[in-house]
file coords00.txt (compact mmCIF, C-alpha atoms and all ligand atoms)
# COMPACT_ATOMS: atom_id res chain seq x y z
CA MET A 20 -32.95 7.46 7.76
CA LYS A 21 -29.63 5.67 7.92
CA VAL A 22 -29.51 2.39 9.79
CA CYS A 23 -26.30 0.44 10.16
CA LEU A 24 -26.70 -3.28 10.76
CA VAL A 25 -23.83 -4.77 12.70
CA LEU A 26 -24.27 -8.24 11.26
CA THR A 27 -21.78 -10.11 13.40
CA HIS A 28 -19.23 -9.71 16.16
CA GLN A 29 -17.04 -12.25 14.41
CA CYS A 30 -13.93 -11.30 12.46
CA ASN A 31 -11.12 -13.23 10.80
CA LEU A 32 -8.54 -10.51 11.49
CA GLY A 33 -6.96 -9.47 14.76
CA CYS A 34 -6.09 -5.80 14.24
CA SER A 35 -3.84 -4.44 16.93
CA TYR A 36 -6.15 -1.47 17.63
CA CYS A 37 -9.52 -3.11 17.00
CA TYR A 38 -12.37 -1.10 18.49
CA ALA A 39 -14.92 -3.85 17.79
CA GLY A 40 -13.70 -5.51 20.99
CA GLU A 41 -13.85 -9.15 21.78
CA LYS A 42 -14.70 -11.37 18.78
CA PHE A 43 -17.35 -13.96 19.34
CA LYS A 44 -19.73 -15.95 17.23
CA SER A 45 -22.86 -13.94 17.51
CA SER A 46 -24.68 -12.94 14.37
CA MET A 47 -27.79 -10.94 13.73
CA SER A 48 -30.88 -13.11 13.38
CA TRP A 49 -33.10 -12.83 10.32
CA GLU A 50 -35.87 -11.38 12.45
CA ILE A 51 -33.68 -8.65 13.95
CA GLY A 52 -32.33 -7.87 10.50
CA LEU A 53 -35.83 -7.40 9.11
CA ARG A 54 -36.94 -5.26 12.03
CA SER A 55 -33.86 -3.08 11.59
CA LEU A 56 -34.72 -2.61 7.93
CA ARG A 57 -38.23 -1.68 8.88
CA LEU A 58 -36.83 0.97 11.17
CA ALA A 59 -34.80 2.40 8.27
CA PHE A 60 -38.04 2.74 6.28
CA SER A 61 -40.04 4.11 9.20
CA ARG A 62 -39.44 7.76 8.38
CA PRO A 63 -39.97 9.62 5.13
CA GLY A 64 -36.98 10.53 3.01
CA PRO A 65 -34.12 8.58 1.53
CA VAL A 66 -33.21 5.28 3.13
CA GLU A 67 -29.62 4.28 3.76
CA VAL A 68 -28.76 0.77 4.87
CA SER A 69 -25.20 -0.06 5.79
CA PHE A 70 -23.53 -3.25 6.95
CA PHE A 71 -20.75 -3.44 9.49
CA GLY A 72 -19.13 -5.92 11.85
CA GLY A 73 -16.84 -7.62 12.97
CA GLU A 74 -16.44 -8.52 9.32
CA PRO A 75 -19.82 -8.32 7.55
CA MET A 76 -18.68 -10.54 4.65
CA ILE A 77 -18.56 -13.44 7.13
CA ALA A 78 -22.34 -13.06 7.17
CA PHE A 79 -22.64 -12.52 3.41
CA ASP A 80 -25.71 -14.74 3.05
CA SER A 81 -27.75 -12.66 5.43
CA LEU A 82 -26.28 -9.42 4.02
CA ALA A 83 -27.45 -10.51 0.56
CA ARG A 84 -30.93 -11.55 1.72
CA LEU A 85 -31.49 -8.35 3.66
CA THR A 86 -30.28 -6.26 0.74
CA ARG A 87 -32.73 -7.97 -1.61
CA VAL A 88 -35.61 -7.41 0.80
CA ALA A 89 -34.73 -3.74 1.35
CA SER A 90 -34.34 -3.18 -2.36
CA THR A 91 -37.77 -4.73 -3.04
CA TRP A 92 -39.40 -2.62 -0.33
CA ALA A 93 -37.80 0.51 -1.73
CA SER A 94 -38.95 -0.11 -5.27
CA ARG A 95 -42.47 -1.02 -4.16
CA ALA A 96 -42.73 2.13 -2.08
CA GLY A 97 -40.95 4.34 -4.62
CA ARG A 98 -38.29 5.20 -2.04
CA GLU A 99 -34.71 6.11 -2.77
CA ILE A 100 -32.28 3.66 -1.15
CA ARG A 101 -28.50 3.50 -0.82
CA PHE A 102 -26.44 0.57 0.41
CA SER A 103 -22.99 0.67 1.92
CA MET A 104 -20.62 -1.70 3.65
CA THR A 105 -17.28 -1.60 5.40
CA THR A 106 -15.08 -4.64 4.84
CA ASN A 107 -11.56 -5.79 5.65
CA ALA A 108 -11.18 -7.06 2.05
CA THR A 109 -10.12 -10.57 2.99
CA ILE A 110 -13.29 -12.32 1.81
CA LEU A 111 -13.98 -11.53 -1.82
CA LYS A 112 -15.12 -13.68 -4.70
CA ASP A 113 -16.46 -12.76 -8.12
CA LYS A 114 -20.00 -13.41 -6.96
CA HIS A 115 -19.54 -10.89 -4.13
CA LEU A 116 -18.29 -8.23 -6.53
CA ARG A 117 -21.17 -8.92 -8.93
CA PHE A 118 -23.60 -8.57 -6.05
CA LEU A 119 -22.09 -5.31 -4.78
CA ARG A 120 -22.15 -3.89 -8.29
CA HIS A 121 -25.70 -4.93 -8.90
CA TYR A 122 -26.98 -3.13 -5.80
CA ASN A 123 -24.63 -0.21 -6.35
CA PHE A 124 -22.98 -0.58 -2.94
CA PHE A 125 -20.67 2.14 -1.69
CA VAL A 126 -17.90 0.06 -0.13
CA GLY A 127 -15.37 1.07 2.48
CA VAL A 128 -12.24 -1.07 2.19
CA SER A 129 -9.94 -1.06 5.21
CA VAL A 130 -6.27 -1.12 4.22
CA ASP A 131 -3.66 0.39 6.51
CA GLY A 132 -0.66 0.52 4.21
CA VAL A 133 1.80 -1.45 2.13
CA GLU A 134 2.02 -5.20 2.72
CA GLU A 135 4.47 -5.03 5.62
CA VAL A 136 2.34 -2.45 7.42
CA GLN A 137 -0.86 -4.35 6.73
CA ASP A 138 0.74 -7.59 7.94
CA THR A 139 1.70 -6.00 11.25
CA GLN A 140 -1.39 -3.88 11.85
CA ARG A 141 -4.02 -6.21 10.49
CA PRO A 142 -2.92 -9.86 10.65
CA PHE A 143 -5.27 -12.84 10.50
CA LEU A 144 -6.22 -14.32 13.85
CA SER A 145 -3.64 -17.01 13.22
CA GLY A 146 -0.94 -14.32 13.05
CA ARG A 147 -0.44 -14.75 9.29
CA GLY A 148 -0.16 -11.48 7.37
CA SER A 149 -3.13 -10.26 5.34
CA GLY A 150 -1.19 -7.78 3.16
CA GLN A 151 -0.81 -9.74 -0.05
CA LEU A 152 -4.41 -10.90 -0.15
CA VAL A 153 -5.83 -7.49 0.70
CA TRP A 154 -3.82 -5.67 -1.97
CA ARG A 155 -4.89 -8.26 -4.54
CA ASN A 156 -8.51 -7.74 -3.56
CA LEU A 157 -8.09 -3.98 -3.62
CA GLU A 158 -7.09 -4.31 -7.25
CA ALA A 159 -10.27 -6.31 -7.88
CA PHE A 160 -12.32 -3.53 -6.28
CA CYS A 161 -10.64 -1.03 -8.60
CA HIS A 162 -11.60 -3.08 -11.62
CA GLN A 163 -15.14 -3.88 -10.61
CA LEU A 164 -16.59 -1.04 -8.56
CA GLU A 165 -17.33 2.47 -9.70
CA ASP A 166 -17.26 4.05 -6.29
CA PHE A 167 -15.50 2.94 -3.15
CA ARG A 168 -13.31 4.41 -0.46
CA VAL A 169 -10.17 3.10 1.19
CA LEU A 170 -10.15 3.55 4.96
CA MET A 171 -6.63 3.78 6.38
CA VAL A 172 -6.09 3.77 10.13
CA ILE A 173 -2.90 5.71 10.67
CA ARG A 174 -0.60 5.20 13.60
CA PRO A 175 2.86 6.55 14.36
CA GLY A 176 4.44 3.38 12.98
CA THR A 177 2.60 3.56 9.65
CA LEU A 178 3.34 7.21 8.83
CA GLU A 179 6.68 6.77 7.12
CA SER A 180 5.33 4.56 4.35
CA LEU A 181 1.91 6.22 4.10
CA PRO A 182 2.66 8.36 1.01
CA GLN A 183 4.06 5.28 -0.72
CA ALA A 184 0.84 3.36 -0.02
CA VAL A 185 -1.36 6.23 -1.18
CA GLU A 186 0.70 6.58 -4.36
CA ARG A 187 0.36 2.89 -5.11
CA MET A 188 -3.39 3.11 -4.58
CA TYR A 189 -3.62 6.09 -6.91
CA ARG A 190 -1.72 4.24 -9.63
CA MET A 191 -4.05 1.29 -9.17
CA GLY A 192 -7.16 3.43 -9.67
CA VAL A 193 -8.28 4.30 -6.13
CA SER A 194 -9.88 7.76 -6.04
CA LYS A 195 -11.02 8.12 -2.44
CA VAL A 196 -9.00 7.60 0.71
CA SER A 197 -9.85 8.45 4.31
CA LEU A 198 -7.05 8.84 6.80
CA LEU A 199 -8.32 7.79 10.21
CA PRO A 200 -5.89 8.57 13.02
CA ASP A 201 -5.72 6.10 15.86
CA THR A 202 -6.45 8.66 18.55
CA GLU A 203 -5.50 6.22 21.29
CA ALA A 204 -1.92 5.94 20.06
CA ASP A 205 0.94 7.94 21.57
CA TRP A 206 1.69 10.66 19.00
CA SER A 207 3.99 12.71 21.20
CA ASN A 208 7.15 11.81 19.27
CA SER A 209 5.63 11.83 15.82
CA ARG A 210 4.45 15.39 15.35
CA ALA A 211 7.19 16.45 12.93
CA LEU A 212 6.78 13.38 10.74
CA LEU A 213 3.01 13.71 10.82
CA THR A 214 3.26 17.34 9.72
CA ARG A 215 5.56 16.43 6.82
CA VAL A 216 3.37 13.54 5.63
CA TYR A 217 0.13 15.51 5.95
CA GLN A 218 1.62 18.44 4.03
CA GLN A 219 2.67 16.14 1.23
CA LEU A 220 -0.69 14.37 1.03
CA ALA A 221 -2.73 17.59 1.24
CA ARG A 222 -0.68 18.88 -1.70
CA VAL A 223 -1.26 15.70 -3.68
CA CYS A 224 -4.99 15.92 -2.97
CA PHE A 225 -5.39 19.57 -3.98
CA LEU A 226 -3.12 19.30 -7.01
CA SER A 227 -4.85 16.17 -8.24
CA MET A 228 -8.14 18.04 -8.04
CA LEU A 229 -6.87 20.21 -10.88
CA THR A 230 -6.64 17.17 -13.12
CA ASP A 231 -9.12 14.77 -14.64
CA GLU A 232 -8.01 12.07 -12.18
CA PRO A 233 -8.49 13.51 -8.68
CA MET A 234 -7.46 11.71 -5.51
CA TRP A 235 -9.90 12.70 -2.80
CA ILE A 236 -8.07 12.37 0.48
CA SER A 237 -10.05 12.96 3.64
CA PRO A 238 -9.62 15.02 5.88
CA PHE A 239 -8.04 17.40 3.33
CA VAL A 240 -10.74 17.35 0.69
CA GLU A 241 -13.34 18.60 3.17
CA GLN A 242 -11.28 21.74 3.67
CA HIS A 243 -10.88 22.47 0.00
CA PRO A 244 -12.75 25.69 -0.85
CA ALA A 245 -14.68 23.94 -3.62
CA GLN A 246 -16.00 21.43 -1.10
CA LEU A 247 -16.55 23.87 1.74
CA ALA A 248 -18.71 25.98 -0.54
CA GLY A 249 -21.02 23.08 -1.34
CA SER A 250 -21.07 21.37 2.06
CA GLU A 251 -23.66 21.76 4.75
CA GLY A 252 -21.08 22.29 7.47
CA SER A 253 -20.24 19.67 10.05
CA GLY A 254 -18.67 16.41 8.94
CA GLY A 255 -20.38 14.70 11.83
CA CYS A 256 -23.17 12.19 11.82
CA GLY A 257 -26.92 11.91 12.50
CA PHE A 258 -26.16 10.62 15.98
CA GLY A 259 -29.31 8.72 16.80
CA ALA A 260 -31.61 11.40 15.40
CA ASP A 261 -31.58 10.21 11.82
CA GLU A 262 -28.75 7.70 11.98
CA LEU A 263 -28.13 4.77 14.27
CA ALA A 264 -26.45 1.37 14.48
CA VAL A 265 -28.16 -1.86 15.51
CA SER A 266 -26.13 -4.57 17.25
CA PRO A 267 -26.69 -8.26 16.46
CA ALA A 268 -28.80 -8.48 19.61
CA GLY A 269 -31.00 -5.56 18.52
CA HIS A 270 -29.56 -2.77 20.70
CA PHE A 271 -29.27 0.76 19.29
CA TYR A 272 -26.10 2.90 19.35
CA PRO A 273 -25.46 6.34 17.85
CA CYS A 274 -22.60 4.99 15.72
CA ALA A 275 -21.28 1.61 14.56
CA ARG A 276 -17.95 2.28 16.21
CA LEU A 277 -19.63 2.44 19.61
CA VAL A 278 -21.20 -1.02 19.41
CA GLY A 279 -18.04 -3.00 20.34
CA PRO A 280 -19.01 -6.22 22.09
CA ASP A 281 -22.44 -4.68 22.84
CA ARG A 282 -21.88 -4.26 26.56
CA ARG A 283 -21.61 -0.48 27.01
CA THR A 284 -25.11 0.23 28.25
CA GLU A 285 -24.15 3.85 28.93
CA VAL A 286 -23.94 4.61 25.21
CA ARG A 287 -26.98 2.58 24.14
CA ILE A 288 -29.85 4.65 22.82
CA GLY A 289 -32.63 2.07 22.86
CA SER A 290 -33.43 -1.25 21.31
CA LEU A 291 -35.73 -2.85 18.78
CA ALA A 292 -37.77 -4.14 21.70
CA ASP A 293 -38.17 -0.78 23.48
CA GLY A 294 -37.77 1.78 20.70
CA LEU A 295 -35.53 4.84 20.72
CA ASP A 296 -34.63 6.41 24.05
CA TRP A 297 -34.84 10.10 23.16
CA GLU A 298 -33.88 11.24 26.61
CA ARG A 299 -30.65 9.27 26.40
CA ILE A 300 -29.94 10.61 22.91
CA ALA A 301 -30.30 14.20 24.12
CA GLN A 302 -28.12 13.46 27.15
CA LEU A 303 -25.36 11.85 25.07
CA GLN A 304 -25.44 14.68 22.55
CA LEU A 305 -25.01 17.19 25.32
CA GLN A 306 -22.22 15.17 26.91
CA ALA A 307 -20.40 14.84 23.60
CA ASP A 308 -20.85 18.52 22.73
CA GLU A 309 -19.40 19.58 26.05
CA LYS A 310 -16.37 17.35 25.65
CA MET A 311 -15.72 18.32 22.05
CA ASN A 312 -16.15 22.04 22.75
CA SER A 313 -14.00 22.00 25.87
CA CYS A 314 -11.03 20.82 23.82
CA GLY A 315 -11.81 23.24 21.01
CA THR A 316 -12.85 20.69 18.42
CA GLY A 317 -16.03 20.01 16.48
CA GLY A 318 -16.70 17.07 14.18
CA CYS A 319 -18.00 13.60 14.88
CA LYS A 320 -19.52 13.46 18.34
CA CYS A 321 -18.91 9.76 18.71
CA LEU A 322 -15.23 10.53 19.22
CA ALA A 323 -16.14 11.87 22.65
CA LEU A 324 -17.93 8.66 23.58
CA MET A 325 -15.31 6.12 22.62
CA PRO A 326 -13.99 3.93 25.43
CA GLY A 327 -10.53 4.57 26.87
CA ASP A 328 -8.74 7.75 27.92
CA GLN A 329 -11.01 10.35 26.35
CA GLN A 330 -8.97 13.34 27.42
CA ALA A 331 -5.89 12.00 25.68
CA GLN A 332 -7.94 11.07 22.62
CA LEU A 333 -9.49 14.52 22.34
CA ALA A 334 -6.07 16.13 22.77
CA ASN A 335 -4.90 14.03 19.82
CA VAL A 336 -7.97 15.06 17.82
CA ALA A 337 -7.13 18.71 18.51
CA MET A 338 -3.55 18.15 17.34
CA PHE A 339 -4.72 16.47 14.13
CA THR A 340 -7.15 19.31 13.49
CA GLU A 341 -4.35 21.83 13.79
CA ILE A 342 -1.92 19.91 11.59
CA THR A 343 -4.62 19.24 8.99
CA GLY A 344 -5.55 22.93 8.90
CA GLU A 345 -1.93 23.96 8.40
CA ALA A 346 -1.36 21.34 5.72
CA CYS A 347 -4.44 22.47 3.80
CA GLN A 348 -3.49 26.11 4.05
CA ASN A 349 -0.03 25.32 2.82
CA ALA A 350 -1.39 23.24 -0.06
CA LEU A 351 -3.83 25.94 -1.10
CA GLU A 352 -1.09 28.56 -1.21
CA MET A 353 1.00 26.26 -3.34
CA VAL A 354 -1.82 25.51 -5.75
CA ALA A 355 -2.64 29.18 -6.15
CA ALA A 356 1.03 30.19 -6.57
CA MET B 22 -10.38 0.49 -15.05
CA SER B 23 -9.35 0.89 -18.64
CA GLY B 24 -5.74 0.69 -19.78
CA ASP B 25 -5.93 4.37 -20.76
CA LYS B 26 -7.00 5.36 -17.29
CA ILE B 27 -4.20 3.36 -15.72
CA ASN B 28 -1.66 4.95 -18.04
CA ARG B 29 -3.01 8.41 -17.27
CA ARG B 30 -2.81 7.69 -13.55
CA ARG B 31 0.77 6.48 -13.85
CA PHE B 32 1.74 9.60 -15.70
CA LEU B 33 0.04 11.89 -13.18
CA ALA B 34 1.37 9.94 -10.20
CA ASP B 35 4.93 10.65 -11.42
CA LEU B 36 4.12 14.36 -11.18
CA LEU B 37 1.97 14.40 -8.08
CA PHE B 38 4.20 12.27 -5.93
CA ALA B 39 7.47 13.67 -7.23
CA GLY B 40 10.09 14.24 -4.53
CA GLY B 41 10.25 18.03 -4.84
CA ALA B 42 6.95 19.87 -4.70
CA VAL B 43 5.69 20.26 -8.24
CA THR B 44 3.91 23.56 -8.80
CA ALA B 45 0.35 23.76 -10.03
CA ALA B 46 1.50 25.49 -13.20
CA ALA B 47 4.09 22.82 -13.94
CA LEU B 48 1.59 20.08 -13.27
CA LEU B 49 -1.00 21.59 -15.55
CA ALA B 50 1.49 22.30 -18.28
CA GLN B 51 2.82 18.77 -18.24
CA ALA B 52 -0.54 17.14 -17.78
CA GLY B 53 -1.83 18.92 -20.85
CA GLU B 54 -4.46 20.80 -18.93
CA ALA B 55 -3.07 24.28 -19.34
CA GLU B 56 -6.53 25.62 -20.11
CA LYS B 57 -7.50 24.90 -16.52
CA LYS B 58 -4.64 26.91 -15.08
CA PRO B 59 -5.95 28.84 -12.07
CA SER B 60 -5.29 32.50 -11.58
CA PRO B 61 -3.97 33.35 -8.12
CA SER B 62 -7.43 34.44 -7.06
CA ASP B 63 -9.09 31.27 -8.35
CA THR B 64 -9.70 28.32 -6.14
CA PRO B 65 -9.44 24.97 -7.84
CA LYS B 66 -12.69 23.38 -8.93
CA ALA B 67 -13.88 19.99 -7.82
CA THR B 68 -13.82 17.62 -10.78
CA CYS B 69 -15.60 14.65 -9.25
CA THR B 70 -19.32 14.20 -9.77
CA SER B 71 -19.94 11.66 -7.00
CA ASP B 72 -19.98 12.82 -3.40
CA PRO B 73 -16.38 12.79 -2.21
CA ASN B 74 -17.46 13.43 1.36
CA ARG B 75 -19.82 10.51 1.68
CA LYS B 76 -19.05 8.92 5.02
CA LEU B 77 -18.90 5.25 5.85
CA ASP B 78 -19.31 3.46 9.12
CA GLY B 79 -15.96 3.35 10.77
CA ASP B 80 -14.97 6.43 8.82
CA VAL B 81 -15.06 8.77 11.76
CA ALA B 82 -15.08 12.40 10.74
CA LEU B 83 -12.39 14.40 12.37
CA PRO B 84 -13.34 18.01 12.81
CA SER B 85 -13.19 19.78 9.49
CA SER B 86 -12.74 23.21 10.99
CA PRO B 87 -10.72 24.31 13.98
CA THR B 88 -13.76 26.00 15.52
CA PRO B 89 -16.38 24.17 17.58
CA SER B 90 -19.50 23.14 15.70
CA PRO B 91 -22.69 24.98 16.60
CA PRO B 92 -25.01 23.27 19.06
CA GLU B 93 -27.41 20.74 17.56
CA PRO B 94 -31.00 21.92 17.17
CA PRO B 95 -33.36 20.32 19.69
CA LEU B 96 -34.90 17.06 18.56
CA GLY B 97 -38.51 17.26 17.52
CA GLY B 98 -41.26 14.79 16.78
CA LYS B 99 -42.42 11.66 18.43
CA PRO B 100 -40.23 8.57 18.61
CA MET B 101 -41.27 5.96 16.10
CA ALA B 102 -40.77 2.55 17.61
CA PRO B 103 -40.78 -0.32 15.14
CA SER B 104 -44.02 -2.25 15.21
CA PRO B 105 -43.81 -5.81 16.57
CA MET B 106 -43.01 -8.42 14.02
CA VAL B 107 -44.29 -11.95 13.69
CA LYS B 108 -41.45 -14.38 13.21
CA GLY B 109 -40.71 -14.99 9.55
CA GLU B 110 -43.08 -12.29 8.38
CA VAL B 111 -41.78 -10.02 5.65
CA LYS B 112 -43.87 -6.95 5.49
CA SER B 113 -43.41 -4.21 2.98
CA PRO B 114 -42.70 -0.82 4.49
CA GLN B 115 -45.06 2.08 4.83
CA ARG B 116 -45.49 4.15 1.73
CA GLN B 117 -44.11 7.63 1.81
CA PRO B 118 -46.85 10.08 2.77
CA LYS B 119 -48.30 11.78 -0.28
CA LYS B 120 -47.39 15.40 -0.71
CA PRO B 121 -50.35 17.74 -0.32
S1 LIG C 1 -11.09 -5.97 10.61
FE1 LIG C 1 -12.27 -4.55 11.90
S2 LIG C 1 -13.41 -5.87 13.30
FE2 LIG C 1 -11.79 -7.13 12.39
S3 LIG C 1 -10.12 -7.01 13.85
FE3 LIG C 1 -9.78 -5.41 12.33
S4 LIG C 1 -10.72 -3.54 13.16
FE4 LIG C 1 -11.51 -5.32 14.34
call {"tool": "encode", "arguments": {"input": "coords00.txt", "output": "structure tokens"}}
result
Amino acid sequence: MKVCLVLTHQCNLGCSYCYAGEKFKSSMSWEIGLRSLRLAFSRPGPVEVSFFGGEPMIAFDSLARLTRVASTWASRAGREIRFSMTTNATILKDKHLRFLRHYNFFVGVSVDGVEEVQDTQRPFLSGRGSGQLVWRNLEAFCHQLEDFRVLMVIRPGTLESLPQAVERMYRMGVSKVSLLPDTEADWSNSRALLTRVYQQLARVCFLSMLTDEPMWISPFVEQHPAQLAGSEGSGGCGFGADELAVSPAGHFYPCARLVGPDRRTEVRIGSLADGLDWERIAQLQLQADEKMNSCGTGGCKCLALMPGDQQAQLANVAMFTEITGEACQNALEMVAA
Amino acid sequence: MSGDKINRRRFLADLLFAGGAVTAAALLAQAGEAEKKPSPSDTPKATCTSDPNRKLDGDVALPSSPTPSPPEPPLGGKPMAPSPMVKGEVKSPQRQPKKP
């Protein structure tokens, strides 16, 4: 089972589109952390523990303690365990890298683009840019970690320089990038540019897969025939059934992105105190399926449960699906030509 | 990252990100991988051994196909609520059930 521990609501950045909501000093207690781990071990099969925030590296001490405990439990019980973490790459010392390497963490590093883009999209709370520091730390990740992924939130204003940022990452040694569209943004005037940029990046992805140094760019790589053949279908998530997120206060959500400031009771699916609410899980799944199907899209159900104007967001999702499909088709034809 | 790898990346980046669209054949010829040249009917092979699709929290999967996903199978089994915990207690987890 995969359990995501949202270690803290606190963050040192103030991203313009932050879905984590209001930042406040509330961290997961040791007891809630342990009970969450126990939940991850409560079913047979591989265990996956991930850490999220706010910024989880702010709570590195508890992240490290919980990781050690989970790792000990796994080896005592002969269970397979995987650790992952999503970080904004602003808090990174050698000891952190050594730790992440030791426990073979799969790390998601959030970087939105070149320094100027990063400075505007993801400044520190003080307003100071984070670009220089984050790119320096990204280089450290390249040197120290075998496997990590860069998560890039894309918005109309970041499109123009996106290929430049991806190229720089590739030269640095990054091999996996996920493009995550801000579905709340107004994309109505950016369709042509988006199409051009996606076509270029889909081509780069598919062509690079012919070489010994591939650049796996999501969402294109998932549509590559070699991946489609080996995949089990949907790119969605376990959605409460075999995957859930625990807030610092011990409430359960189907996905870490739905936790926010932990006030949306309508998307909660239980708590450590009361256990899983299966009725609610079934109801939310149904609700999400209906919304996703009505706009002609599949994929991650949590998209249909995000706060804000869902109709507009799902319309954007449908547009991205279409442009991604075209870009992949185009890239495939080019590669086969 | 070794110096060799960085140099290889730089070389490939010049081809992959070139202004005009480089063709697969040109890329392979220049990258010294002519033996991997695909025939028109071939689809390129994945060359990465680790799971390129592994998802992270915050890495929301956009639909990977333009058709709706099939409905989820109904959930089965009893809910397993975590057992109550005494403060400060660190208990090792249940062992995996033995296979018959
Ligand atoms: S780093 Fe994450 S939690 Fe922090 S402000 Fe940005 S999006 Fe929000």
call {"tool": "closest_residue", "arguments": {"input": "coords00.txt", "among": "A:Thr105, A:Thr139, A:Ser266, A:Gln330", "to": "chain B", "atoms": "all atoms listed in the file"}}
result
A:Thr105
call {"tool": "residues_near_ligand", "arguments": {"input": "coords00.txt", "ligand": "ligand LIG 1 (chain C)", "cutoff": "10 Å", "atoms": "only C-alpha atoms and all ligand atoms", "output": "PyMOL selection string"}}
result
(chain A and resi 27-42+71-75+105-109+128-130+140-144+172+276+279) or (chain B and resi 79)
call {"tool": "atom_distance", "arguments": {"input": "coords00.txt", "atom1": "atom CA of Ile288 of chain A", "atom2": "atom CA of Tyr272 of chain A"}}
result
5.4 Å
call {"tool": "residues_around", "arguments": {"input": "coords00.txt", "residues": "Gly192 of chain A", "least_positions_apart": "5", "cutoff": "8 Å", "atoms": "only C-alpha atoms", "output": "short mmCIF file (atom, residue, chain, number, x, y, z; two decimals) with C-alpha atoms, in the frame of the given file"}}
result
data_model
loop_
_atom_site.label_atom_id
_atom_site.label_comp_id
_atom_site.auth_asym_id
_atom_site.auth_seq_id
_atom_site.Cartn_x
_atom_site.Cartn_y
_atom_site.Cartn_z
CA CYS A 161 -10.64 -1.03 -8.60
CA MET B 22 -10.38 0.49 -15.05
CA LYS B 26 -7.00 5.36 -17.29
CA ILE B 27 -4.20 3.36 -15.72
CA ARG B 30 -2.81 7.69 -13.55
#
call {"tool": "atom_distance", "arguments": {"input": "coords00.txt", "atom1": "atom CA of Ile100 of chain A", "atom2": "atom CA of Val66 of chain A"}}
result
4.7 Å
call {"tool": "closest_residue", "arguments": {"input": "coords00.txt", "among": "A:Gln304, A:Gln219, A:Asn156, A:Ser46", "to": "Leu37 of chain B", "atoms": "only C-alpha atoms"}}
result
A:Gln219
call {"tool": "atom_distance", "arguments": {"input": "coords00.txt", "atom1": "atom CA of Val354 of chain A", "atom2": "atom CA of Phe239 of chain A"}}
result
13.7 Å
call {"tool": "axis_aligned_box", "arguments": {"input": "coords00.txt", "around": "segment 29-40 of chain B", "padding_each_side": "5 Å", "output": "JSON"}}
result
{"center_x": 3.5, "center_y": 10.4, "center_z": -10.9, "size_x": 23.1, "size_y": 17.9, "size_z": 22.7}
call {"tool": "closest_residue", "arguments": {"input": "coords00.txt", "among": "A:Leu226, A:Leu213, A:Met76, A:Val22", "to": "chain B", "atoms": "all atoms listed in the file"}}
result
A:Leu226
call {"tool": "residues_around", "arguments": {"input": "coords00.txt", "residues": "Arg31 of chain B", "least_positions_apart": "4", "cutoff": "12 Å", "atoms": "all atoms listed in the file", "output": "ChimeraX atom specification"}}
result
/A:186-192,232 /B:24-27,35-39,52
call {"tool": "closest_residue", "arguments": {"input": "coords00.txt", "among": "A:Arg215, A:His270, A:Arg222, A:Arg283", "to": "Cys23 of chain A", "atoms": "only C-alpha atoms"}}
result
A:His270
call {"tool": "residues_around", "arguments": {"input": "coords00.txt", "residues": "Val185 of chain A", "least_positions_apart": "5", "cutoff": "9 Å", "atoms": "all atoms listed in the file", "output": "ChimeraX atom specification"}}
result
/A:132-133,180,190,193,196,220
call {"tool": "write_last_selection", "arguments": {"input": "coords00.txt", "atoms": "C-alpha atoms", "output": "CSV table (one decimal), in the frame of the given file"}}
result
chain,number,residue,atom,x,y,z
A,132,GLY,CA,-0.7,0.5,4.2
A,133,VAL,CA,1.8,-1.4,2.1
A,180,SER,CA,5.3,4.6,4.4
A,190,ARG,CA,-1.7,4.2,-9.6
A,193,VAL,CA,-8.3,4.3,-6.1
A,196,VAL,CA,-9.0,7.6,0.7
A,220,LEU,CA,-0.7,14.4,1.0
call {"tool": "residues_around", "arguments": {"input": "coords00.txt", "residues": "Leu48 of chain B", "least_positions_apart": "2", "cutoff": "9 Å", "atoms": "all atoms listed in the file", "output": "list in words"}}
result
Leu226, Leu229 and Thr230 of chain A; Leu33, Leu36, Leu37, Val43, Thr44, Ala45, Ala46, Ala50, Gln51, Ala52, Gly53, Glu54 and Ala55 of chain B
call {"tool": "closest_residue", "arguments": {"input": "coords00.txt", "among": "A:Thr340, A:Thr86, A:Thr202, A:Gln218", "to": "chain B", "atoms": "all atoms listed in the file"}}
result
A:Thr340
